[in-house]
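Encoded as structure tokens, the structure appears first; notes follow it.
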Amino acid sequence: MDNQTDKKAFVFTKESLKKKFRWSEFLSEKIITGVAFLSIAIIVLIFFFVFKESLPIFQTRKKEAPKVEQVQKQEQYGEKAKGQTNTSGQEQYGVTTKDTMMIENQVQTADTVTHGSDEATFKSLAGKHWLPVSDNPRYGLIPLFVGTLKITLIAMLFAAPIAILAALFSAAFAPYWLRELIKPAIELLAGFPSVVIGFFALMVMATFFQNIFGYDGRLNAFVGGVAMALAAIPIIFTITEDALTAVPRTYTEASLALGASKWQTALFVILPAATPGIFAAILLGIGRVFGETMIALMATGNAAMTSVNPFESVRTLAATIGAEMAEVVFGDTHYNVLFLIGSLLFIFNFSLNALAEFYVKGKLVKRFQGKQS
Amino acid sequence: MKEVKIKTRDLTLFYGAKMALNSISLDIPEKEVTAFIGPSGCGKSTFLRTLNRMNDLIPNVRITGEVLVDSLNIYDKQIDVVNLRKKVGMVFQKSNPFAKSIFENVAYGPRINGINHKARLEEIVESSLKKAFIWEEVKDRLQDSAMGLSGGQQQRMCIARTLAVEPEIILMDEPASALDPISTAKIEELIFELKKNYTIVIVTHNMQQAARVSDHTAFFYIGELVEFGKTKKIFTTPDKKHTEEYITGRFG
């Protein structure tokens with residue numbers, strides 16, 4: 001009897017197989033989905049807000065374009081803008097194509113904007129002067145771009161070799177116990193408040209470097225760049241280290257069994273196999289430096305100068321927003337330009353991260369799993 | 001028996017506190033194939049890796065006793081591990097080509113030994129690939145990635161890569177265990193050919209393989225060397241009952 005009832009409980013009938021609606025599951029599923037999309041939505045909305053606030057720059061043109069007497073000036077400014085691009089192109093040594101492209105975009109924007117804008121308030125975004133609060137305000141973004149690129153370059157020149165070599169040591173040479181010590185220690189540095197790094201750069205490093213190099217301005221691109229390197233090192237280190245340790249052990253064994261030394265193995269086998277990851281690490285490091293505000297504000301001197309000399313003050317894009325947003329007139333051209341800078345920073349960092357992410361996913365995985373050649 | 005190439009005396013190995021090899025003494029003859037058989041975890045791979053000091057890579061390994069290659073103790077402090085491994089090459093269970101072209105894979109060993117002359121490298125690559133019976137299959141695609149080769153081809157390319165360094169001894173850690181029967185047959189044929197010039201030590205799970213390719217067989221069980229002798233004798237009239245039971249498949 002017992003046996004029979006047991007069987008009956010599990011019998012599949014049309015009734016027992018019928019789809020059931022479970023309220024709790026339905027709700028929790030929807031809530032989790034909702035939360036996930038909320039976080040995406042917040043980011044998208046912030047971007048739209050920033051972008052929207054910079055829109056008036058582009059709209060001015062439509063309103064005032066019909067004015068005929070401006071045509072003459074229009075061309076002049078267009079030429080001027082182009083001429084400036086050339087000079088700026090010369091000045092930007094070692095700039096990646098991407099950056100140059102961004103500047104070109106910028107110039108195009110500037111061209112369109114110049115057409116209808118009022119000369120007194122809005123000259124040209126491609127100008128060489130950033131003087132937003134003078135009687136004759138000028139919003140040339142070139143010095144800001146040059147400053148940002150200069151500082152990024154200096155920071156990367158310091159951060160990339162140090163971080164990559166440190167990661168190589170940790171992944172390939174350090175004994176196990178030391179590795180367990182180094183990695184978390186450097187990773188903790190990533191959470192170091194950048195204001196503290198900025199403070200340290202301002203008080204200690206600036207004087208230190210001044211004593212060594214003997215330049216005039218205490219705060220300049222070099223000091224800022226080195227301080228930024230401190231902020232970027234943990235990021236580059238962590239990601240590079242992960243990429244290096246992800247190189248299969250069999251590679252190392254194969255190389256050693258062929259009579260290669262530890263160094264040869266590290267340089268010719270481990271490092272090349274991890275290049276996509278290291279590339280991504282550098283990209284993310286650049287992103288960090290590009291968007292870094294506090295260190296730039298505190299250690300770079302904040303003078304918007306267009307020069308290649310690393311020992312002169314610079315003003316970065318991020319620092320400009322940080323310094324000026326609080327005192328800008330709401331809805332003013334200056335206000336809109338600051339939002340435009342914000343959009344540009346956002347787009348730049350977004351594409352860097354996307355590139356790093358997809359490049360690594362595509363390349364690294366393919367290489368290690370050997371699914372394709 | 002021919003001249004002894006590798007000689008171990010009371011070789012004992014600990015992983016931390018666990019004894020993995022217990023006082024192994026064994027003479028491996030020159031230019032012959034010696035096979036290690038035994039159930040999983042009995043220490044035969046560990047023993048193989050002590051012969052070119054690959055165990056140095058693993059933390060917490062402690063080794064006592066002696067391993068003499070050409071009557072030199074390779075655990076002597078004066079010995080340079082890098083040069084030892086040039087002399088004692090190794091082929092692994094899972095083929096492990098670098099993510100480079102076939103040519104670069106084989107040329108890697110000579111390159112790190114300082115040979116950079118292109119014609120010389122080409123010569124070495126060709127002769128190594130020929131010795132590993134894979135030249136005909138890859139000669140038109142030397143610049144293709146080695147990852148695109150089949151498993152059996154990859155393994156033979158790895159053997160060619162080992163040969164390119166011109167070792168005297170080749171250690172093989174289950175070189176055919178991940179391969180299909182046809183590729184396995186090719187590898188065995190290759191081993192047969194290679195023993196004319198090289199001393200070969202092979203670890204295998206496949207008893208038939210050991211019987212087919214080897215001249216001498218050592219049977220390991222839980223870190224101990226149970227029996228060592230001519231393959232023919234081990235497989236027909238073993239001295240120990242344990243060996244017989246394992247070979248006839250009664251355990252393991």
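Just remember, in the structure tokens the first chain shown is A, the second B, etc., residues are 1-based per chain, and ligands are 1-based in the order shown.
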
With only C-alpha atoms counted and 7 Å as the cut-off, give the residues of chain B in contact with chain A, each with its shortest interatomic distance in Å and the pair that gives it, as a tab-separated table.
```
residue	atom	partner	partner_atom	distance
B:Val82	CA	A:Gly259	CA	4.8
B:Asn83	CA	A:Gly259	CA	6.2
B:Arg85	CA	A:Gly259	CA	4.8
B:Lys86	CA	A:Gly259	CA	4.6
B:Gly89	CA	A:Ala257	CA	5.9
B:Met90	CA	A:Ala257	CA	5.8
B:Asn96	CA	A:Thr250	CA	5.9
B:Phe98	CA	A:Tyr251	CA	6.4
B:Ala99	CA	A:Arg367	CA	6.6
B:Gly109	CA	A:Leu258	CA	5.8
B:Ile112	CA	A:Ala260	CA	6.5
B:Ser145	CA	A:Ser373	CA	5.3
B:Met147	CA	A:Gly370	CA	5.3
B:Gly148	CA	A:Ser373	CA	5.4
B:Thr162	CA	A:Leu258	CA	6.3
B:Val165	CA	A:Leu258	CA	6.8
```

Using the selection just defined, write its residues with C-alpha atoms as a JSON list (two decimals), in the first residue's frame.
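Result file is again-v3.json:
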```json
[["chain", "number", "residue", "atom", "x", "y", "z"],
["B", 82, "VAL", "CA", 70.58, 25.48, -17.00],
["B", 83, "ASN", "CA", 73.40, 23.50, -18.58],
["B", 85, "ARG", "CA", 68.79, 20.76, -18.73],
["B", 86, "LYS", "CA", 70.46, 21.31, -22.06],
["B", 89, "GLY", "CA", 65.87, 17.32, -22.28],
["B", 90, "MET", "CA", 62.26, 16.69, -21.42],
["B", 96, "ASN", "CA", 53.14, 22.56, -24.74],
["B", 98, "PHE", "CA", 54.65, 28.27, -27.36],
["B", 99, "ALA", "CA", 52.13, 30.58, -28.99],
["B", 109, "GLY", "CA", 66.32, 26.42, -27.84],
["B", 112, "ILE", "CA", 68.69, 31.11, -26.28],
["B", 145, "SER", "CA", 51.28, 29.08, -35.46],
["B", 147, "MET", "CA", 48.76, 26.03, -32.01],
["B", 148, "GLY", "CA", 47.13, 25.07, -35.30],
["B", 162, "THR", "CA", 63.84, 19.19, -27.48],
["B", 165, "VAL", "CA", 69.06, 21.67, -28.18]]
```

Worksheet entry | Within 9 Å of Phe346 of chain A using only C-alpha atoms, minus same-chain residues under 4 positions, as a ChimeraX atom specification | /A:47,291,341-342,350-351

Residue subset to file, keeping N, CA, C and O atoms, as a PDB file, in the first residue's frame:
```
ATOM      1  N   PHE A  47      25.914  60.531 -18.325  1.00  0.00           N
ATOM      2  CA  PHE A  47      26.562  60.937 -19.559  1.00  0.00           C
ATOM      3  C   PHE A  47      25.662  61.855 -20.380  1.00  0.00           C
ATOM      4  O   PHE A  47      26.100  62.879 -20.887  1.00  0.00           O
ATOM      5  N   GLY A 291      42.032  60.936 -16.150  1.00  0.00           N
ATOM      6  CA  GLY A 291      40.897  61.457 -15.394  1.00  0.00           C
ATOM      7  C   GLY A 291      41.258  61.939 -14.009  1.00  0.00           C
ATOM      8  O   GLY A 291      40.405  62.452 -13.291  1.00  0.00           O
ATOM      9  N   ILE A 341      34.192  69.542 -21.936  1.00  0.00           N
ATOM     10  CA  ILE A 341      35.417  68.872 -21.491  1.00  0.00           C
ATOM     11  C   ILE A 341      35.057  67.586 -20.763  1.00  0.00           C
ATOM     12  O   ILE A 341      35.666  66.533 -20.965  1.00  0.00           O
ATOM     13  N   GLY A 342      34.021  67.672 -19.929  1.00  0.00           N
ATOM     14  CA  GLY A 342      33.566  66.486 -19.207  1.00  0.00           C
ATOM     15  C   GLY A 342      33.171  65.373 -20.162  1.00  0.00           C
ATOM     16  O   GLY A 342      33.578  64.223 -19.992  1.00  0.00           O
ATOM     17  N   PHE A 350      36.044  56.024 -21.582  1.00  0.00           N
ATOM     18  CA  PHE A 350      35.150  54.932 -21.951  1.00  0.00           C
ATOM     19  C   PHE A 350      35.769  54.108 -23.072  1.00  0.00           C
ATOM     20  O   PHE A 350      35.812  52.880 -23.012  1.00  0.00           O
ATOM     21  N   SER A 351      36.309  54.797 -24.092  1.00  0.00           N
ATOM     22  CA  SER A 351      36.856  54.018 -25.209  1.00  0.00           C
ATOM     23  C   SER A 351      38.145  53.306 -24.812  1.00  0.00           C
ATOM     24  O   SER A 351      38.412  52.203 -25.271  1.00  0.00           O
TER      25      SER A 351
END
```

Fill in: Residues within 8 Å of segment 218-225 of chain B, only C-alpha atoms, excluding chain neighbours under 6 positions, as an NGL selection string
:B and (19-25 or 34-39 or 41-44 or 243)

Would you output that residue set with N, CA and C atoms, as a compact mmCIF listing (two decimals), in the first residue's frame?
```txt
# COMPACT_ATOMS: atom_id res chain seq x y z
N MET B 19 56.59 11.75 2.17
CA MET B 19 57.66 11.12 1.41
C MET B 19 57.10 10.64 0.08
N ALA B 20 57.65 11.15 -1.03
CA ALA B 20 57.14 10.75 -2.34
C ALA B 20 58.02 9.69 -2.99
N LEU B 21 59.29 9.71 -2.67
CA LEU B 21 60.20 8.67 -3.19
C LEU B 21 61.02 8.16 -2.03
N ASN B 22 61.13 6.86 -1.96
CA ASN B 22 61.85 6.28 -0.82
C ASN B 22 63.07 5.51 -1.30
N SER B 23 64.22 6.15 -1.14
CA SER B 23 65.49 5.48 -1.34
C SER B 23 65.57 4.68 -2.64
N ILE B 24 65.52 5.40 -3.76
CA ILE B 24 65.54 4.74 -5.05
C ILE B 24 66.98 4.62 -5.55
N SER B 25 67.40 3.42 -5.89
CA SER B 25 68.71 3.23 -6.51
C SER B 25 68.50 2.50 -7.82
N THR B 34 64.35 3.15 -21.27
CA THR B 34 63.97 2.64 -19.96
C THR B 34 62.57 3.16 -19.65
N ALA B 35 61.67 2.25 -19.31
CA ALA B 35 60.30 2.68 -19.02
C ALA B 35 60.02 2.57 -17.53
N PHE B 36 59.26 3.57 -17.02
CA PHE B 36 58.79 3.51 -15.65
C PHE B 36 57.30 3.21 -15.69
N ILE B 37 56.89 2.16 -15.01
CA ILE B 37 55.45 1.89 -14.93
C ILE B 37 55.02 1.85 -13.47
N GLY B 38 53.72 1.88 -13.28
CA GLY B 38 53.19 1.86 -11.92
C GLY B 38 51.89 2.62 -11.86
N PRO B 39 51.09 2.39 -10.83
CA PRO B 39 49.81 3.09 -10.73
C PRO B 39 50.00 4.59 -10.52
N GLY B 41 50.25 8.22 -9.04
CA GLY B 41 50.66 8.70 -7.72
C GLY B 41 51.72 7.85 -7.07
N CYS B 42 52.38 6.98 -7.84
CA CYS B 42 53.38 6.11 -7.22
C CYS B 42 54.76 6.74 -7.26
N GLY B 43 54.87 7.91 -7.87
CA GLY B 43 56.14 8.62 -7.83
C GLY B 43 56.99 8.49 -9.08
N LYS B 44 56.46 7.86 -10.12
CA LYS B 44 57.32 7.67 -11.29
C LYS B 44 57.57 8.98 -12.03
N THR B 243 54.67 -7.19 -8.85
CA THR B 243 54.85 -6.79 -10.24
C THR B 243 53.95 -7.61 -11.15
```

Among segment 24-124 of chain B, which residues does DSSP mark as strand (DSSP E) when it is run on the backbone? Keep the chain and numbering as in the structure and answer as a compact mmCIF listing (two decimals) with N, CA and C atoms, in the first residue's frame.
```txt
# COMPACT_ATOMS: atom_id res chain seq x y z
N ILE B 24 65.52 5.40 -3.76
CA ILE B 24 65.54 4.74 -5.05
C ILE B 24 66.98 4.62 -5.55
N SER B 25 67.40 3.42 -5.89
CA SER B 25 68.71 3.23 -6.51
C SER B 25 68.50 2.50 -7.82
N LEU B 26 69.00 3.10 -8.89
CA LEU B 26 68.64 2.62 -10.22
C LEU B 26 69.74 2.98 -11.21
N ASP B 27 70.03 2.07 -12.13
CA ASP B 27 71.02 2.37 -13.17
C ASP B 27 70.33 2.40 -14.53
N ILE B 28 70.40 3.55 -15.20
CA ILE B 28 69.75 3.66 -16.50
C ILE B 28 70.82 3.58 -17.59
N PRO B 29 70.72 2.59 -18.47
CA PRO B 29 71.77 2.39 -19.46
C PRO B 29 71.71 3.38 -20.61
N VAL B 33 66.06 2.40 -24.14
CA VAL B 33 64.83 2.98 -23.62
C VAL B 33 64.50 2.32 -22.28
N THR B 34 64.35 3.15 -21.27
CA THR B 34 63.97 2.64 -19.96
C THR B 34 62.57 3.16 -19.65
N ALA B 35 61.67 2.25 -19.31
CA ALA B 35 60.30 2.68 -19.02
C ALA B 35 60.02 2.57 -17.53
N PHE B 36 59.26 3.57 -17.02
CA PHE B 36 58.79 3.51 -15.65
C PHE B 36 57.30 3.21 -15.69
N ILE B 37 56.89 2.16 -15.01
CA ILE B 37 55.45 1.89 -14.93
C ILE B 37 55.02 1.85 -13.47
N VAL B 61 60.14 21.16 -1.71
CA VAL B 61 60.64 19.84 -2.07
C VAL B 61 62.02 19.65 -1.42
N ARG B 62 62.20 18.51 -0.82
CA ARG B 62 63.49 18.22 -0.19
C ARG B 62 64.01 16.91 -0.77
N ILE B 63 65.26 16.91 -1.19
CA ILE B 63 65.81 15.73 -1.84
C ILE B 63 67.10 15.31 -1.13
N THR B 64 67.20 14.03 -0.85
CA THR B 64 68.48 13.52 -0.35
C THR B 64 68.93 12.38 -1.26
N GLY B 65 70.17 12.02 -1.17
CA GLY B 65 70.69 10.97 -2.04
C GLY B 65 71.39 11.58 -3.24
N GLU B 66 71.74 10.74 -4.19
CA GLU B 66 72.52 11.22 -5.32
C GLU B 66 71.88 10.84 -6.65
N VAL B 67 72.01 11.75 -7.63
CA VAL B 67 71.70 11.40 -9.01
C VAL B 67 72.96 11.68 -9.81
N LEU B 68 73.52 10.64 -10.40
CA LEU B 68 74.76 10.82 -11.15
C LEU B 68 74.46 10.70 -12.64
N VAL B 69 74.74 11.77 -13.38
CA VAL B 69 74.64 11.71 -14.83
C VAL B 69 76.06 11.76 -15.35
N LEU B 72 78.49 12.40 -12.66
CA LEU B 72 78.54 13.69 -11.95
C LEU B 72 77.25 13.84 -11.16
N ASN B 73 77.37 14.20 -9.90
CA ASN B 73 76.17 14.38 -9.09
C ASN B 73 75.47 15.68 -9.47
N VAL B 88 69.96 17.18 -20.50
CA VAL B 88 68.86 16.27 -20.20
C VAL B 88 67.55 16.95 -20.60
N GLY B 89 67.09 16.68 -21.79
CA GLY B 89 65.87 17.32 -22.28
C GLY B 89 64.63 16.64 -21.76
N MET B 90 63.48 17.29 -21.95
CA MET B 90 62.26 16.69 -21.42
C MET B 90 61.07 16.96 -22.34
N VAL B 91 60.24 15.93 -22.49
CA VAL B 91 59.00 16.05 -23.25
C VAL B 91 57.86 15.79 -22.27
```

Fewer than 4 positions away in the same chain doesn't count, so skip those; otherwise give me all residues within 9 Å of Ile151 of chain A, counting only C-alpha atoms, as a compact mmCIF listing (two decimals) with N, CA, C and O atoms, in the first residue's frame.
```
# COMPACT_ATOMS: atom_id res chain seq x y z
N VAL A 146 47.27 69.71 -24.47
CA VAL A 146 48.72 69.53 -24.43
C VAL A 146 49.15 69.20 -23.00
O VAL A 146 49.94 68.28 -22.77
N GLY A 147 48.59 69.93 -22.05
CA GLY A 147 48.95 69.68 -20.65
C GLY A 147 48.61 68.28 -20.22
O GLY A 147 49.42 67.58 -19.62
N ALA A 155 53.81 60.52 -16.80
CA ALA A 155 53.38 59.52 -15.82
C ALA A 155 53.61 58.12 -16.34
O ALA A 155 54.10 57.24 -15.62
N MET A 156 53.29 57.90 -17.63
CA MET A 156 53.44 56.56 -18.18
C MET A 156 54.91 56.16 -18.31
O MET A 156 55.27 55.01 -18.13
N ALA A 221 54.65 70.11 -14.73
CA ALA A 221 54.18 68.85 -15.31
C ALA A 221 54.99 67.67 -14.82
O ALA A 221 54.45 66.58 -14.61
N PHE A 222 56.26 67.87 -14.60
CA PHE A 222 57.11 66.75 -14.20
C PHE A 222 56.71 66.22 -12.82
O PHE A 222 56.48 65.02 -12.64
N GLY A 224 53.88 66.72 -11.29
CA GLY A 224 52.54 66.15 -11.40
C GLY A 224 52.57 64.78 -12.04
O GLY A 224 51.90 63.86 -11.58
N GLY A 225 53.38 64.65 -13.09
CA GLY A 225 53.46 63.37 -13.81
C GLY A 225 53.99 62.26 -12.92
O GLY A 225 53.45 61.15 -12.89
N VAL A 226 55.03 62.57 -12.16
CA VAL A 226 55.59 61.55 -11.27
C VAL A 226 54.58 61.17 -10.19
O VAL A 226 54.41 60.00 -9.86
N MET A 228 51.35 61.33 -10.50
CA MET A 228 50.33 60.53 -11.18
C MET A 228 50.83 59.10 -11.38
O MET A 228 50.05 58.15 -11.32
N VAL A 289 45.28 58.18 -15.23
CA VAL A 289 45.99 59.45 -15.21
C VAL A 289 45.18 60.54 -15.90
O VAL A 289 45.11 61.67 -15.43
N PHE A 290 44.55 60.17 -17.00
CA PHE A 290 43.78 61.13 -17.78
C PHE A 290 42.68 61.77 -16.95
O PHE A 290 42.42 62.97 -17.03
N ALA A 296 46.42 66.47 -10.11
CA ALA A 296 46.68 67.51 -11.11
C ALA A 296 46.47 68.90 -10.50
O ALA A 296 47.27 69.81 -10.70
N THR A 300 50.48 70.39 -10.26
CA THR A 300 50.95 70.77 -11.60
C THR A 300 51.07 72.27 -11.81
O THR A 300 51.55 72.70 -12.83
N PRO A 310 58.86 69.88 -20.03
CA PRO A 310 58.22 69.17 -18.92
C PRO A 310 58.31 69.91 -17.59
O PRO A 310 57.63 69.56 -16.64
N VAL A 314 51.35 73.04 -16.07
CA VAL A 314 50.31 72.66 -17.02
C VAL A 314 48.98 72.67 -16.29
O VAL A 314 48.92 72.68 -15.07
N THR A 316 45.45 70.44 -16.59
CA THR A 316 44.84 69.31 -17.30
C THR A 316 43.34 69.54 -17.47
O THR A 316 42.76 70.42 -16.83
```

Worksheet item: If you measure from atom CA of Leu345 of chain A to atom CA of Glu187 of chain A, what distance in Å do you get, rounded to one decimal?
Response: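 Going from atom CA of Leu345 of chain A over to atom CA of Glu187 of chain A covers 25.2 Å.
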
Discussion item. Run DSSP on the backbone and tell me which residues of segment 130-361 of chain A come out as alpha helix (DSSP H); list them as JSON, numbers by chain.
Written reply: {"A": [142, 143, 144, 145, 146, 147, 148, 149, 150, 151, 152, 153, 154, 155, 156, 157, 158, 159, 160, 161, 162, 163, 164, 165, 166, 167, 168, 176, 177, 178, 179, 180, 181, 182, 183, 184, 185, 186, 187, 188, 189, 190, 194, 195, 196, 197, 198, 199, 200, 206, 207, 208, 209, 210, 211, 212, 213, 221, 222, 223, 224, 225, 226, 227, 228, 229, 230, 231, 232, 233, 234, 235, 236, 237, 238, 239, 240, 241, 242, 243, 244, 245, 249, 250, 251, 252, 253, 254, 255, 256, 257, 262, 263, 264, 265, 271, 272, 273, 275, 276, 277, 278, 279, 280, 281, 282, 283, 284, 285, 286, 287, 288, 289, 290, 291, 294, 295, 296, 297, 298, 299, 317, 318, 319, 320, 321, 322, 323, 324, 333, 334, 335, 336, 337, 338, 339, 340, 341, 342, 343, 344, 345, 346, 347, 348, 349, 350, 351, 352, 353, 354, 355, 356, 357, 358, 359, 360, 361]}

Practice prompt. Would you mind reading off the distance between atom CA of Ala232 of chain A and atom CA of Val204 of chain A, one decimal, in Å?
Written response: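 Atom CA of Val204 of chain A lies 19.0 Å from atom CA of Ala232 of chain A.
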
Which neighbours of Arg179 of chain A fall inside 12 Å, counting only C-alpha atoms, when residues of the same chain fewer than 3 positions from it are skipped, and could you give them as a PDB file with N, CA and C atoms, in the first residue's frame?
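Just written: result.pdb:
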```pdb
ATOM      1  N   ALA A 166      58.080  45.313 -11.841  1.00  0.00           N
ATOM      2  CA  ALA A 166      57.679  44.813 -10.519  1.00  0.00           C
ATOM      3  C   ALA A 166      56.781  43.592 -10.673  1.00  0.00           C
ATOM      4  N   ALA A 167      55.874  43.665 -11.619  1.00  0.00           N
ATOM      5  CA  ALA A 167      54.966  42.534 -11.846  1.00  0.00           C
ATOM      6  C   ALA A 167      55.738  41.316 -12.326  1.00  0.00           C
ATOM      7  N   LEU A 168      56.729  41.563 -13.175  1.00  0.00           N
ATOM      8  CA  LEU A 168      57.534  40.456 -13.689  1.00  0.00           C
ATOM      9  C   LEU A 168      58.305  39.798 -12.543  1.00  0.00           C
ATOM     10  N   PHE A 169      58.842  40.620 -11.680  1.00  0.00           N
ATOM     11  CA  PHE A 169      59.545  40.070 -10.518  1.00  0.00           C
ATOM     12  C   PHE A 169      58.590  39.231  -9.683  1.00  0.00           C
ATOM     13  N   SER A 170      57.445  39.824  -9.398  1.00  0.00           N
ATOM     14  CA  SER A 170      56.494  39.139  -8.528  1.00  0.00           C
ATOM     15  C   SER A 170      56.006  37.834  -9.152  1.00  0.00           C
ATOM     16  N   ALA A 171      55.775  37.853 -10.465  1.00  0.00           N
ATOM     17  CA  ALA A 171      55.187  36.671 -11.105  1.00  0.00           C
ATOM     18  C   ALA A 171      56.229  35.603 -11.419  1.00  0.00           C
ATOM     19  N   ALA A 172      57.448  36.019 -11.751  1.00  0.00           N
ATOM     20  CA  ALA A 172      58.392  35.032 -12.269  1.00  0.00           C
ATOM     21  C   ALA A 172      59.585  34.758 -11.370  1.00  0.00           C
ATOM     22  N   PHE A 173      59.916  35.679 -10.493  1.00  0.00           N
ATOM     23  CA  PHE A 173      61.150  35.493  -9.739  1.00  0.00           C
ATOM     24  C   PHE A 173      60.961  35.389  -8.235  1.00  0.00           C
ATOM     25  N   ALA A 174      59.983  36.118  -7.726  1.00  0.00           N
ATOM     26  CA  ALA A 174      59.857  36.193  -6.273  1.00  0.00           C
ATOM     27  C   ALA A 174      59.508  34.827  -5.695  1.00  0.00           C
ATOM     28  N   PRO A 175      60.094  34.468  -4.549  1.00  0.00           N
ATOM     29  CA  PRO A 175      59.644  33.248  -3.880  1.00  0.00           C
ATOM     30  C   PRO A 175      58.192  33.426  -3.421  1.00  0.00           C
ATOM     31  N   TYR A 176      57.551  32.296  -3.247  1.00  0.00           N
ATOM     32  CA  TYR A 176      56.112  32.297  -2.982  1.00  0.00           C
ATOM     33  C   TYR A 176      55.719  33.262  -1.860  1.00  0.00           C
ATOM     34  N   ILE A 182      54.018  41.047  -1.597  1.00  0.00           N
ATOM     35  CA  ILE A 182      54.127  42.185  -2.515  1.00  0.00           C
ATOM     36  C   ILE A 182      52.792  42.529  -3.151  1.00  0.00           C
ATOM     37  N   LYS A 183      52.123  41.491  -3.644  1.00  0.00           N
ATOM     38  CA  LYS A 183      50.918  41.745  -4.439  1.00  0.00           C
ATOM     39  C   LYS A 183      49.850  42.502  -3.651  1.00  0.00           C
ATOM     40  N   PRO A 184      49.453  42.000  -2.483  1.00  0.00           N
ATOM     41  CA  PRO A 184      48.449  42.758  -1.730  1.00  0.00           C
ATOM     42  C   PRO A 184      48.949  44.136  -1.327  1.00  0.00           C
ATOM     43  N   ALA A 185      50.239  44.240  -1.016  1.00  0.00           N
ATOM     44  CA  ALA A 185      50.760  45.533  -0.591  1.00  0.00           C
ATOM     45  C   ALA A 185      50.602  46.564  -1.700  1.00  0.00           C
ATOM     46  N   ILE A 186      50.976  46.197  -2.923  1.00  0.00           N
ATOM     47  CA  ILE A 186      50.861  47.166  -4.020  1.00  0.00           C
ATOM     48  C   ILE A 186      49.396  47.398  -4.370  1.00  0.00           C
ATOM     49  N   GLU A 241      50.406  41.747 -13.502  1.00  0.00           N
ATOM     50  CA  GLU A 241      50.721  40.569 -12.694  1.00  0.00           C
ATOM     51  C   GLU A 241      49.729  39.441 -12.994  1.00  0.00           C
ATOM     52  N   THR A 245      50.745  35.828 -14.490  1.00  0.00           N
ATOM     53  CA  THR A 245      50.504  34.558 -13.797  1.00  0.00           C
ATOM     54  C   THR A 245      49.507  33.699 -14.566  1.00  0.00           C
TER      55      THR A 245
END
```

Item to complete: Write out as a list of chain:residue names the residues lying within 7 Å of Gln143 of chain B, counting only C-alpha atoms and excluding same-chain residues fewer than 6 positions away.
Response: B:Ser101, B:Ile102, B:Phe103

Fill in: Shell of 12 Å around Leu338 of chain A, only C-alpha atoms, local chain residues under 6 positions omitted, as a PyMOL selection string
chain A and resi 50-57+125+130+132+139-141+144+317-332+344-345

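You will find atom CA of Ser183 of chain B at 25.3 Å from atom CA of Thr46 of chain B.
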
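Of the residues listed (A:Ala206, A:Ile212, A:Ile162, A:Pro276), A:Ile162 shows the shortest atom-to-atom separation from Ile233 of chain A; distances use only C-alpha atoms.
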